[in-house]
$ cat work-v3.cif   # mmCIF, C-alpha atoms
data_target
loop_
_atom_site.label_atom_id
_atom_site.label_comp_id
_atom_site.auth_asym_id
_atom_site.auth_seq_id
_atom_site.Cartn_x
_atom_site.Cartn_y
_atom_site.Cartn_z
CA MET A 1 48.80 -23.16 83.05
CA ASN A 2 46.88 -26.37 83.19
CA LYS A 3 45.80 -28.36 80.17
CA LYS A 4 42.17 -27.17 80.22
CA ASN A 5 43.14 -23.51 80.25
CA LYS A 6 45.51 -24.03 77.33
CA LEU A 7 42.77 -25.69 75.27
CA GLY A 8 40.37 -22.84 76.08
CA VAL A 9 42.86 -20.18 74.93
CA VAL A 10 43.50 -22.04 71.65
CA PHE A 11 39.80 -22.49 71.04
CA GLY A 12 39.20 -18.79 71.68
CA TRP A 13 41.90 -17.69 69.20
CA VAL A 14 40.48 -20.07 66.53
CA LEU A 15 36.95 -18.74 67.07
CA LEU A 16 38.21 -15.15 66.89
CA GLY A 17 39.97 -15.97 63.59
CA PHE A 18 36.77 -17.36 62.06
CA LEU A 19 34.84 -14.29 63.17
CA MET A 20 37.42 -11.96 61.60
CA ILE A 21 37.40 -13.93 58.31
CA GLY A 22 33.58 -13.86 58.22
CA PHE A 23 33.54 -10.11 58.96
CA VAL A 24 36.03 -9.30 56.18
CA THR A 25 34.25 -11.62 53.73
CA GLY A 26 30.92 -10.03 54.57
CA ILE A 27 32.33 -6.56 53.91
CA LYS A 28 33.68 -7.71 50.53
CA ALA A 29 30.44 -9.45 49.69
CA ASN A 30 28.37 -6.39 50.60
CA LEU A 31 30.77 -4.20 48.62
CA PHE A 32 30.50 -6.54 45.62
CA VAL A 33 26.68 -6.61 45.77
CA SER A 34 26.55 -2.83 46.13
CA GLN A 35 28.92 -2.33 43.18
CA LEU A 36 26.99 -4.87 41.09
CA SER A 37 23.72 -3.15 41.91
CA LYS A 38 25.11 0.25 41.00
CA HIS A 39 26.68 -1.20 37.84
CA THR A 40 23.33 -2.76 36.84
CA GLU A 41 21.47 0.46 37.57
CA MET A 42 24.01 2.35 35.47
CA ILE A 43 23.51 -0.09 32.58
CA HIS A 44 19.72 0.22 32.79
CA ALA A 45 19.98 4.00 33.05
CA GLU A 46 22.22 4.15 29.98
CA ARG A 47 19.85 1.93 28.05
CA PHE A 48 16.84 3.94 29.11
CA GLN A 49 18.54 7.17 28.10
CA LEU A 50 19.62 5.79 24.75
CA ARG A 51 16.17 4.34 24.06
CA ALA A 52 14.60 7.67 24.93
CA GLU A 53 17.01 9.41 22.57
CA LEU A 54 16.23 6.83 19.90
CA THR A 55 12.58 7.88 19.76
CA SER A 56 13.33 11.52 19.04
CA GLY A 57 15.10 13.50 16.34
CA SER A 58 15.46 13.17 12.59
CA PRO A 59 15.44 9.75 10.82
CA ILE A 60 19.20 10.00 10.20
CA ALA A 61 19.84 10.89 13.85
CA MET A 62 17.60 8.01 14.91
CA LEU A 63 19.60 5.60 12.76
CA THR A 64 22.88 6.87 14.25
CA LYS A 65 21.54 6.50 17.79
CA LYS A 66 20.34 3.01 16.96
CA LYS A 67 23.86 2.01 15.93
CA LYS A 68 25.20 3.61 19.12
CA LEU A 69 22.71 1.68 21.23
CA GLU A 70 23.67 -1.61 19.58
CA ALA A 71 27.37 -0.91 20.17
CA VAL A 72 26.78 -0.16 23.87
CA HIS A 73 24.77 -3.37 24.22
CA LYS A 74 27.55 -5.44 22.69
CA TRP A 75 30.20 -3.78 24.90
CA LYS A 76 28.19 -4.37 28.08
CA GLU A 77 27.46 -7.97 27.15
CA ALA A 78 31.13 -8.66 26.48
CA GLU A 79 32.11 -6.99 29.76
CA GLN A 80 29.61 -8.95 31.83
CA ASN A 81 29.66 -12.10 29.68
CA ASP A 82 25.92 -12.06 30.15
CA THR A 83 22.74 -11.08 28.29
CA VAL A 84 19.88 -8.92 29.43
CA ALA A 85 16.69 -10.93 29.68
CA GLY A 86 13.83 -9.64 27.55
CA SER A 87 15.92 -7.36 25.31
CA VAL A 88 14.75 -7.24 21.67
CA SER A 89 16.80 -6.21 18.64
CA LEU A 90 14.54 -4.11 16.41
CA PRO A 91 15.06 -4.01 12.61
CA VAL A 92 16.51 -0.85 11.14
CA LEU A 93 13.75 0.76 9.07
CA LEU A 94 14.99 3.30 6.59
CA PRO A 95 12.90 6.39 5.89
CA LYS A 96 10.85 6.73 2.72
CA LYS A 97 13.38 8.96 1.02
CA ASP A 98 15.79 6.02 0.82
CA LEU A 99 13.46 4.10 -1.49
CA ARG A 100 14.58 3.49 -5.04
CA LEU A 101 11.77 2.63 -7.44
CA ILE A 102 11.67 1.80 -11.11
CA PRO A 103 9.54 4.39 -12.93
CA GLY A 104 6.91 2.95 -15.25
CA GLY A 105 5.24 4.63 -18.21
CA GLN A 106 4.07 1.37 -19.81
CA SER A 107 0.49 1.12 -21.02
CA ILE A 108 -1.38 -1.56 -19.08
CA GLY A 109 -4.75 -3.23 -19.33
CA VAL A 110 -6.65 -3.64 -16.05
CA GLN A 111 -9.19 -6.39 -15.38
CA LEU A 112 -11.06 -6.29 -12.07
CA ASN A 113 -13.50 -8.65 -10.37
CA THR A 114 -15.83 -7.02 -7.87
CA LYS A 115 -16.69 -8.06 -4.33
CA GLY A 116 -20.18 -9.38 -4.94
CA VAL A 117 -22.18 -8.03 -7.89
CA LEU A 118 -22.56 -4.33 -8.65
CA VAL A 119 -26.02 -2.90 -9.35
CA VAL A 120 -25.68 -0.70 -12.44
CA GLY A 121 -29.34 -0.08 -13.29
CA TYR A 122 -32.97 -1.24 -13.21
CA HIS A 123 -35.05 -3.09 -15.74
CA LEU A 124 -38.81 -3.38 -15.84
CA VAL A 125 -40.45 -6.78 -15.46
CA THR A 126 -43.67 -7.31 -17.42
CA THR A 127 -46.51 -8.75 -15.34
CA SER A 128 -50.24 -9.20 -15.82
CA LYS A 129 -50.71 -5.96 -13.88
CA GLY A 130 -48.15 -3.87 -15.70
CA GLU A 131 -44.42 -3.20 -15.50
CA SER A 132 -42.27 -2.68 -12.41
CA SER A 133 -38.80 -3.24 -11.00
CA PRO A 134 -38.86 -5.25 -7.75
CA GLY A 135 -35.26 -4.28 -7.04
CA GLU A 136 -36.03 -0.56 -7.21
CA SER A 137 -39.19 -1.07 -5.15
CA ALA A 138 -37.09 -2.84 -2.47
CA GLY A 139 -34.92 0.28 -2.04
CA ILE A 140 -31.84 -1.14 -3.75
CA ARG A 141 -29.87 1.66 -5.42
CA VAL A 142 -27.59 1.92 -8.40
CA GLY A 143 -24.04 1.56 -7.05
CA ASP A 144 -24.97 -0.95 -4.34
CA VAL A 145 -22.93 -4.17 -4.18
CA ILE A 146 -24.96 -7.31 -3.48
CA THR A 147 -22.88 -9.79 -1.50
CA LYS A 148 -25.48 -12.34 -0.30
CA ILE A 149 -28.99 -13.52 -1.07
CA ASN A 150 -30.68 -15.52 1.69
CA GLY A 151 -27.26 -15.91 3.32
CA ARG A 152 -25.71 -17.43 0.22
CA GLN A 153 -22.58 -15.74 -1.12
CA MET A 154 -23.00 -13.98 -4.47
CA GLY A 155 -19.54 -13.61 -5.97
CA SER A 156 -20.49 -13.36 -9.63
CA ILE A 157 -23.37 -13.00 -12.08
CA ASN A 158 -23.33 -16.79 -12.49
CA ASP A 159 -24.00 -17.19 -8.76
CA VAL A 160 -27.06 -14.94 -9.05
CA ARG A 161 -28.22 -16.69 -12.21
CA LYS A 162 -27.97 -20.16 -10.59
CA PHE A 163 -29.84 -18.95 -7.54
CA MET A 164 -32.66 -17.45 -9.59
CA THR A 165 -32.99 -20.59 -11.74
CA HIS A 166 -34.56 -22.36 -8.77
CA MET A 167 -36.94 -19.49 -8.01
CA ASN A 168 -40.37 -20.41 -9.33
CA GLN A 169 -42.56 -18.33 -7.04
CA GLU A 170 -42.76 -14.78 -5.77
CA LYS A 171 -41.14 -15.34 -2.39
CA PRO A 172 -39.35 -12.58 -0.38
CA LEU A 173 -35.55 -12.70 -0.44
CA HIS A 174 -33.16 -11.32 2.17
CA VAL A 175 -30.51 -9.36 0.28
CA THR A 176 -27.23 -8.32 1.97
CA LEU A 177 -25.53 -5.40 0.27
CA ILE A 178 -22.78 -2.82 0.72
CA ARG A 179 -23.59 0.84 0.18
CA GLN A 180 -20.73 3.32 0.53
CA ARG A 181 -18.83 0.88 2.78
CA SER A 182 -21.85 0.28 5.04
CA THR A 183 -23.50 -3.16 5.15
CA MET A 184 -27.30 -3.31 5.15
CA GLU A 185 -30.18 -5.71 4.58
CA LYS A 186 -33.06 -5.36 2.13
CA LYS A 187 -36.14 -7.50 1.52
CA LEU A 188 -36.77 -8.06 -2.18
CA THR A 189 -39.68 -9.98 -3.62
CA PRO A 190 -39.04 -11.13 -7.22
CA ILE A 191 -41.96 -11.09 -9.64
CA LEU A 192 -42.91 -13.46 -12.44
CA ASP A 193 -42.16 -12.22 -15.96
CA VAL A 194 -45.11 -13.24 -18.16
CA ALA A 195 -42.85 -13.33 -21.24
CA ASN A 196 -40.49 -16.11 -20.10
CA GLN A 197 -42.36 -17.37 -17.02
CA ARG A 198 -39.37 -16.77 -14.75
CA CYS A 199 -39.02 -14.75 -11.59
CA GLN A 200 -36.93 -11.61 -12.04
CA LEU A 201 -35.13 -9.18 -9.71
CA GLY A 202 -35.52 -6.18 -11.98
CA LEU A 203 -31.82 -5.26 -11.69
CA PHE A 204 -28.93 -4.87 -14.11
CA ILE A 205 -25.79 -6.19 -12.45
CA ARG A 206 -22.07 -6.45 -13.25
CA ASP A 207 -19.27 -8.45 -11.65
CA SER A 208 -16.20 -7.20 -13.51
CA ALA A 209 -14.66 -4.15 -15.13
CA SER A 210 -11.77 -3.44 -17.46
CA GLY A 211 -9.89 -0.50 -18.91
CA ILE A 212 -6.44 0.88 -19.63
CA GLY A 213 -4.01 3.08 -17.74
CA THR A 214 -0.33 3.63 -17.13
CA MET A 215 2.14 1.97 -14.78
CA THR A 216 3.67 4.46 -12.31
CA PHE A 217 6.36 2.51 -10.45
CA TYR A 218 7.68 -0.92 -9.58
CA ASP A 219 9.60 -1.83 -6.44
CA PRO A 220 12.35 -4.36 -7.29
CA ILE A 221 12.64 -5.57 -3.68
CA SER A 222 9.05 -6.30 -2.67
CA GLY A 223 7.64 -6.78 -6.19
CA SER A 224 4.92 -4.20 -5.45
CA TYR A 225 3.69 -1.75 -8.04
CA GLY A 226 1.48 1.32 -8.23
CA ALA A 227 -0.49 2.54 -11.25
CA LEU A 228 -3.09 5.09 -12.44
CA GLY A 229 -2.80 7.49 -9.49
CA HIS A 230 -6.59 7.66 -9.02
CA VAL A 231 -9.46 5.31 -8.23
CA ILE A 232 -11.17 3.14 -10.87
CA ALA A 233 -14.89 3.91 -10.86
CA ASP A 234 -17.68 2.05 -12.62
CA ARG A 235 -18.49 3.71 -15.93
CA ASP A 236 -22.26 3.60 -15.34
CA THR A 237 -22.57 4.39 -11.64
CA GLY A 238 -19.48 6.51 -11.06
CA GLN A 239 -18.93 4.57 -7.82
CA PRO A 240 -15.45 3.23 -6.88
CA ILE A 241 -15.19 -0.45 -7.70
CA MET A 242 -14.77 -2.69 -4.65
CA VAL A 243 -12.11 -5.13 -5.79
CA LYS A 244 -12.24 -8.81 -4.97
CA ASN A 245 -9.24 -9.54 -7.16
CA GLY A 246 -7.87 -8.62 -10.54
CA ARG A 247 -4.89 -8.57 -12.83
CA ILE A 248 -2.92 -6.30 -15.12
CA VAL A 249 -1.66 -7.14 -18.59
CA ARG A 250 0.42 -5.45 -21.27
CA SER A 251 -1.57 -3.32 -23.70
CA ILE A 252 -0.75 -1.85 -27.10
CA VAL A 253 -1.58 1.77 -27.94
CA GLN A 254 -3.01 1.80 -31.46
CA ALA A 255 -4.14 5.39 -31.89
CA ILE A 256 -4.76 8.70 -30.11
CA ASP A 257 -8.01 10.65 -30.03
CA ARG A 258 -6.65 14.19 -29.54
CA GLY A 259 -8.01 16.27 -26.72
CA GLN A 260 -9.71 19.60 -27.35
CA GLU A 261 -11.12 22.35 -25.17
CA GLY A 262 -14.24 20.92 -23.53
CA LYS A 263 -13.53 17.39 -24.84
CA PRO A 264 -10.83 15.23 -23.21
CA GLY A 265 -8.83 13.05 -25.56
CA GLU A 266 -8.17 9.33 -25.18
CA LYS A 267 -5.55 6.66 -25.83
CA ILE A 268 -7.05 3.89 -27.94
CA ALA A 269 -5.33 0.75 -26.69
CA PHE A 270 -5.87 -2.96 -27.09
CA PHE A 271 -5.26 -6.04 -24.99
CA PRO A 272 -6.66 -9.53 -25.69
CA LYS A 273 -9.03 -11.05 -23.14
CA ASN A 274 -6.69 -14.00 -22.61
CA ALA A 275 -3.52 -11.85 -22.39
CA LEU A 276 -0.75 -13.11 -20.12
CA SER A 277 -0.95 -11.56 -16.67
CA ILE A 278 2.04 -9.47 -15.55
CA GLY A 279 0.68 -8.71 -12.08
CA SER A 280 -2.21 -8.95 -9.63
CA VAL A 281 -4.57 -6.24 -8.40
CA ALA A 282 -5.20 -6.24 -4.65
CA LYS A 283 -6.35 -2.65 -3.99
CA ASN A 284 -8.35 0.03 -5.78
CA THR A 285 -7.87 3.27 -3.85
CA PRO A 286 -8.25 7.03 -4.40
CA PHE A 287 -4.53 7.00 -5.30
CA GLY A 288 -4.59 4.20 -7.85
CA ILE A 289 -4.40 0.44 -8.05
CA TYR A 290 -1.80 -1.69 -6.27
CA GLY A 291 -0.63 -5.28 -6.22
CA LYS A 292 2.33 -7.54 -6.95
CA MET A 293 4.18 -7.95 -10.22
CA GLN A 294 5.14 -11.31 -11.68
CA LYS A 295 8.74 -12.21 -10.85
CA ASN A 296 9.84 -12.20 -14.48
CA TYR A 297 8.42 -8.73 -15.24
CA LEU A 298 11.85 -7.08 -15.45
CA THR A 299 15.37 -8.44 -15.62
CA ARG A 300 17.85 -7.53 -12.89
CA SER A 301 19.90 -5.47 -15.32
CA ASP A 302 16.78 -3.40 -16.02
CA MET A 303 16.41 -2.86 -12.29
CA LEU A 304 19.97 -1.67 -11.87
CA GLN A 305 19.63 0.84 -14.71
CA LYS A 306 16.16 2.19 -14.02
CA ALA A 307 15.75 2.45 -10.23
CA LEU A 308 15.42 6.08 -9.12
CA PRO A 309 15.19 7.76 -5.71
CA ILE A 310 11.91 9.47 -4.82
CA ALA A 311 11.24 13.10 -3.98
CA THR A 312 9.08 14.15 -1.06
CA ALA A 313 6.55 16.94 -1.56
CA SER A 314 8.94 19.46 -0.02
CA GLN A 315 11.62 18.54 -2.60
CA VAL A 316 9.41 19.12 -5.64
CA GLN A 317 10.14 22.42 -7.37
CA GLU A 318 8.18 24.59 -9.75
CA GLY A 319 9.85 24.28 -13.12
CA PRO A 320 10.87 21.78 -15.81
CA ALA A 321 10.17 18.06 -15.44
CA GLN A 322 9.34 15.06 -17.63
CA ILE A 323 6.66 12.42 -17.83
CA LEU A 324 7.03 8.86 -19.16
CA THR A 325 4.21 7.47 -21.28
CA VAL A 326 3.39 5.53 -24.49
CA LEU A 327 2.03 7.17 -27.65
CA ASN A 328 2.37 4.27 -30.06
CA GLY A 329 2.71 0.54 -29.57
CA ASN A 330 4.45 -0.22 -26.29
CA ARG A 331 7.47 2.12 -26.48
CA VAL A 332 7.86 4.33 -23.40
CA GLU A 333 9.06 7.86 -24.20
CA ALA A 334 9.97 10.90 -22.10
CA PHE A 335 8.17 14.20 -22.72
CA ASP A 336 8.80 17.66 -21.31
CA ILE A 337 6.33 19.26 -18.92
CA ARG A 338 6.40 22.11 -16.43
CA ILE A 339 5.31 21.84 -12.81
CA LEU A 340 3.32 25.04 -12.23
CA ASN A 341 2.58 24.42 -8.58
CA SER A 342 3.37 21.89 -5.86
CA ILE A 343 0.59 22.16 -3.32
CA PRO A 344 1.61 21.55 0.34
CA GLN A 345 -0.50 18.73 1.78
CA LYS A 346 -0.69 17.69 5.42
CA HIS A 347 -3.11 14.92 4.52
CA ALA A 348 -3.30 12.56 1.56
CA ALA A 349 -4.98 14.13 -1.49
CA THR A 350 -4.85 13.36 -5.19
CA LYS A 351 -4.44 16.85 -6.66
CA GLY A 352 -1.09 17.92 -5.20
CA LEU A 353 0.63 18.97 -8.41
CA VAL A 354 -0.46 21.32 -11.21
CA LEU A 355 1.15 20.42 -14.56
CA LYS A 356 1.42 21.84 -18.07
CA ILE A 357 2.53 19.90 -21.13
CA THR A 358 5.28 21.78 -22.99
CA ASP A 359 6.68 19.11 -25.31
CA PRO A 360 5.81 19.97 -28.97
CA LYS A 361 5.70 16.31 -30.02
CA LEU A 362 3.28 15.34 -27.26
CA LEU A 363 1.07 18.39 -27.86
CA LYS A 364 0.88 17.60 -31.57
CA ALA A 365 -0.01 13.95 -30.96
CA THR A 366 -2.45 14.26 -28.05
CA GLY A 367 -3.30 17.92 -27.56
CA GLY A 368 -2.12 17.53 -23.96
CA ILE A 369 -3.23 15.12 -21.23
CA VAL A 370 -5.62 12.39 -22.43
CA GLN A 371 -7.47 9.47 -20.85
CA GLY A 372 -5.20 6.47 -20.49
CA MET A 373 -2.29 8.70 -19.52
CA SER A 374 -3.27 8.54 -15.84
CA GLY A 375 -0.41 7.10 -13.83
CA SER A 376 2.35 8.39 -16.13
CA PRO A 377 5.31 8.93 -13.79
CA ILE A 378 6.70 12.45 -13.30
CA ILE A 379 10.50 12.77 -13.11
CA GLN A 380 12.33 15.87 -11.88
CA ASN A 381 16.06 16.22 -11.20
CA GLY A 382 16.58 12.47 -11.43
CA ARG A 383 13.85 11.71 -8.87
CA LEU A 384 10.39 10.18 -9.09
CA VAL A 385 8.06 12.91 -7.80
CA GLY A 386 4.52 11.85 -8.70
CA ALA A 387 2.06 10.74 -11.39
CA VAL A 388 -0.38 12.37 -13.82
CA THR A 389 -4.01 11.97 -12.67
CA HIS A 390 -6.44 14.50 -14.21
CA VAL A 391 -6.82 16.84 -17.16
CA PHE A 392 -8.40 20.30 -17.13
CA VAL A 393 -11.46 19.95 -19.36
CA ASN A 394 -11.20 23.55 -20.57
CA ASP A 395 -7.42 23.32 -21.10
CA PRO A 396 -6.20 19.86 -22.14
CA THR A 397 -2.58 21.04 -22.05
CA SER A 398 -2.80 21.23 -18.24
CA GLY A 399 -3.92 19.02 -15.41
CA TYR A 400 -3.24 17.60 -11.97
CA GLY A 401 -0.78 15.10 -10.54
CA VAL A 402 -0.47 13.23 -7.26
CA HIS A 403 2.62 13.32 -5.03
CA ILE A 404 4.47 10.01 -5.07
CA GLU A 405 4.42 9.90 -1.25
CA TRP A 406 0.73 9.07 -1.14
CA MET A 407 1.11 6.29 -3.71
CA ILE A 408 4.02 4.83 -1.74
CA ASN A 409 1.88 4.79 1.40
CA GLU A 410 -0.93 2.97 -0.41
CA ALA A 411 1.55 0.42 -1.75
CA GLY A 412 2.76 -0.25 1.82
CA LEU A 413 6.35 0.74 1.06
CA GLN A 414 6.77 3.52 3.63
CA ASP A 415 8.32 1.14 6.19
CA THR A 416 10.02 -1.36 3.90
CA GLN A 417 13.70 -2.06 4.60
CA HIS A 418 15.64 -1.21 1.43
CA SER A 419 19.25 -1.15 2.64
CA SER A 420 20.13 -4.27 0.63
CA LEU A 421 18.83 -2.91 -2.68
CA GLN A 422 22.15 -2.68 -4.49
CA LYS A 423 23.19 -6.17 -3.38
CA GLN A 424 19.94 -7.69 -4.57
CA ILE A 425 19.77 -6.00 -7.96
CA ALA A 426 23.48 -6.47 -8.67
CA SER A 427 23.54 -10.20 -7.83
#

$ encode --input "work-v3.cif" --output "structure tokens"
Amino acid sequence: MNKKNKLGVVFGWVLLGFLMIGFVTGIKANLFVSQLSKHTEMIHAERFQLRAELTSGSPIAMLTKKKKLEAVHKWKEAEQNDTVAGSVSLPVLLPKKDLRLIPGGQSIGVQLNTKGVLVVGYHLVTTSKGESSPGESAGIRVGDVITKINGRQMGSINDVRKFMTHMNQEKPLHVTLIRQRSTMEKKLTPILDVANQRCQLGLFIRDSASGIGTMTFYDPISGSYGALGHVIADRDTGQPIMVKNGRIVRSIVQAIDRGQEGKPGEKIAFFPKNALSIGSVAKNTPFGIYGKMQKNYLTRSDMLQKALPIATASQVQEGPAQILTVLNGNRVEAFDIRILNSIPQKHAATKGLVLKITDPKLLKATGGIVQGMSGSPIIQNGRLVGAVTHVFVNDPTSGYGVHIEWMINEAGLQDTQHSSLQKQIAS
């Protein structure tokens, strides 16, 4: 065989070898890509299945599945030494029944500042032609909240007074007001009072309110509290007060006006105007007032001793229970009651519990449920179940209470993570 033929044969065998290597490598590469694709699809399928399972079932089952999902994620990441782009680790939110709250019972003073100024009545302005109320004539009603005059914010009586000081003629004003949560405009023309030669609106207004009630609970983790169990309404208009801000202070119970049939009793309590604030007021709702407590309100040892689990409406039983409230000074005492009925509620409502006072000491001192007792926490079987809210006028020994669930919702605690409670209050 000549030299050229030998070179051709060698070249052919070399080319055939490269082709075989490429063919085998291609098979392995395709096999690897196919296996990787199937492996990735399996991972996504497992994650999809676990995430679908995570959104169904009881809260305890959901928590278990969440832990399972996290474990699978960690195992897959370790196996692949890779992370899945876009994956998010969601916080574990414990259900409401895992909350532990400190029951209250303390008597508190409440001071509220309104959003704008509240119209509480009319007054007649004396003119050369007789008497009239320009505010009433303008269609402004008792219970309306004036927020602006001529576009200028009216946050207090002083703001209105300063504005009117510069009014020296009967010129129409554009009044912005809130009526039952709806904003509207009214045109009001003040008139000159012949007695003092000043223009008047013909309205009685108020920018603050105060009263007493009872603390229901305190959350040692978030610092949130709930009190009263029902809305604070203006004493003259009966309308719920729209809160701009406010505060709560400690109050001292000095005496009790006993309740009688047809005449509700009352706690007579005192708090100085300049009393030290123990918390803020952010909300005034049908289920009470809510805000944040000062950090030094309770010591951590108090928290550890007093925190109780809550009871859902389905866990409340007809039968014996206790309320916490103050009869004298600032000493919280427990008194026996009986839960006559726990009303099933699919939607939030204030009158979910029917109560009867059975404690001889409390009946002797108060005659039953009295004003100022609203918000007194109800304890049954070592759980916080609700708060006292109303008294039966014709039977002061009995009244209504609100389920604690609705107060927790208003306080924004239904989704709060409380798993580290013991660590925080024990440290």

$ atom_distance --input "work-v3.cif" --atom1 "atom CA of A:Arg383" --atom2 "atom CA of A:Arg338"
14.9 Å

$ closest_atom_pairs --input "work-v3.cif" --of "stretch 388-412 of chain A" --to "stretch 341-352 of chain A" --cutoff "6 Å" --atoms "only C-alpha atoms" --output "JSON lines"
{"residue": "A:Tyr400", "atom": "CA", "partner": "A:Lys351", "partner_atom": "CA", "distance": 5.5}
{"residue": "A:Gly401", "atom": "CA", "partner": "A:Lys351", "partner_atom": "CA", "distance": 5.6}
{"residue": "A:Val402", "atom": "CA", "partner": "A:Thr350", "partner_atom": "CA", "distance": 4.8}
{"residue": "A:His403", "atom": "CA", "partner": "A:Gly352", "partner_atom": "CA", "distance": 5.9}
{"residue": "A:Trp406", "atom": "CA", "partner": "A:Ala348", "partner_atom": "CA", "distance": 6.0}

$ resolve_selection --input "work-v3.cif" --expression "the PyMOL selection byres ((chain A and resi 102) around 9)" --output "list in words"
Arg100, Leu101, Pro103, Gly104, Thr216, Phe217, Tyr218, Asp219, Pro220, Asp302, Met303, Gln305, Lys306, Ala307, Leu308, Pro309 and Leu384 of chain A

$ atom_distance --input "work-v3.cif" --atom1 "atom CA of A:Val160" --atom2 "atom CA of A:Val117"
8.5 Å

$ residues_around --input "work-v3.cif" --residues "A:Glu318" --least-positions-apart "2" --cutoff "12 Å" --atoms "all atoms listed in the file" --output "NGL selection string"
:A and (313-316 or 320-321 or 337-343 or 353-356 or 380-381 or 385)

$ residues_around --input "work-v3.cif" --residues "stretch 263-265 of chain A" --least-positions-apart "2" --cutoff "7 Å" --atoms "only C-alpha atoms" --output "JSON list (two decimals) with C-alpha atoms, in the frame of the given file"
[["chain", "number", "residue", "atom", "x", "y", "z"],
["A", 257, "ASP", "CA", -8.01, 10.65, -30.03],
["A", 258, "ARG", "CA", -6.65, 14.19, -29.54],
["A", 259, "GLY", "CA", -8.01, 16.27, -26.72],
["A", 260, "GLN", "CA", -9.71, 19.60, -27.35],
["A", 261, "GLU", "CA", -11.12, 22.35, -25.17],
["A", 366, "THR", "CA", -2.45, 14.26, -28.05],
["A", 370, "VAL", "CA", -5.62, 12.39, -22.43],
["A", 371, "GLN", "CA", -7.47, 9.47, -20.85],
["A", 393, "VAL", "CA", -11.46, 19.95, -19.36],
["A", 396, "PRO", "CA", -6.20, 19.86, -22.14]]

$ closest_residue --input "work-v3.cif" --among "A:Ala209, A:Ile191, A:Ala275, A:Leu124" --to "A:Asp236" --atoms "all atoms listed in the file"
A:Ala209

$ resolve_selection --input "work-v3.cif" --expression "the PyMOL selection byres ((chain A and resi 195) around 12)" --output "ChimeraX atom specification"
/A:125-128,131,191-194,196-200

$ atom_distance --input "work-v3.cif" --atom1 "atom CA of A:Gly229" --atom2 "atom CA of A:Val388"
7.0 Å

$ resolve_selection --input "work-v3.cif" --expression "the PyMOL selection byres ((chain A and resi 251) around 6)" --output "PyMOL selection string"
chain A and resi 107-109+250+252+270-271

$ residues_near_point --input "work-v3.cif" --point "(-34.2, -0.8, -0.3)" --cutoff "12 Å" --atoms "only C-alpha atoms" --output "list in words"
Ser133, Pro134, Gly135, Glu136, Ser137, Ala138, Gly139, Ile140, Arg141, Val142, Asp144, Ile146, Leu173, His174, Val175, Thr176, Leu177, Ile178, Arg179, Met184, Glu185, Lys186, Lys187, Leu188 and Thr189 of chain A

$ residues_around --input "work-v3.cif" --residues "A:Ser208" --least-positions-apart "6" --cutoff "7 Å" --atoms "all atoms listed in the file" --output "list of chain:residue names"
A:Leu112, A:Asn113, A:Thr114

$ closest_residue --input "work-v3.cif" --among "A:Ser374, A:Thr285, A:Gln239, A:Asn245" --to "A:Gly211" --atoms "only C-alpha atoms"
A:Ser374

$ residues_near_point --input "work-v3.cif" --point "(2.8, -7.2, -11.3)" --cutoff "8 Å" --atoms "only C-alpha atoms" --output "number ranges by chain"
A: 223-225, 247-248, 277-281, 291-295, 297
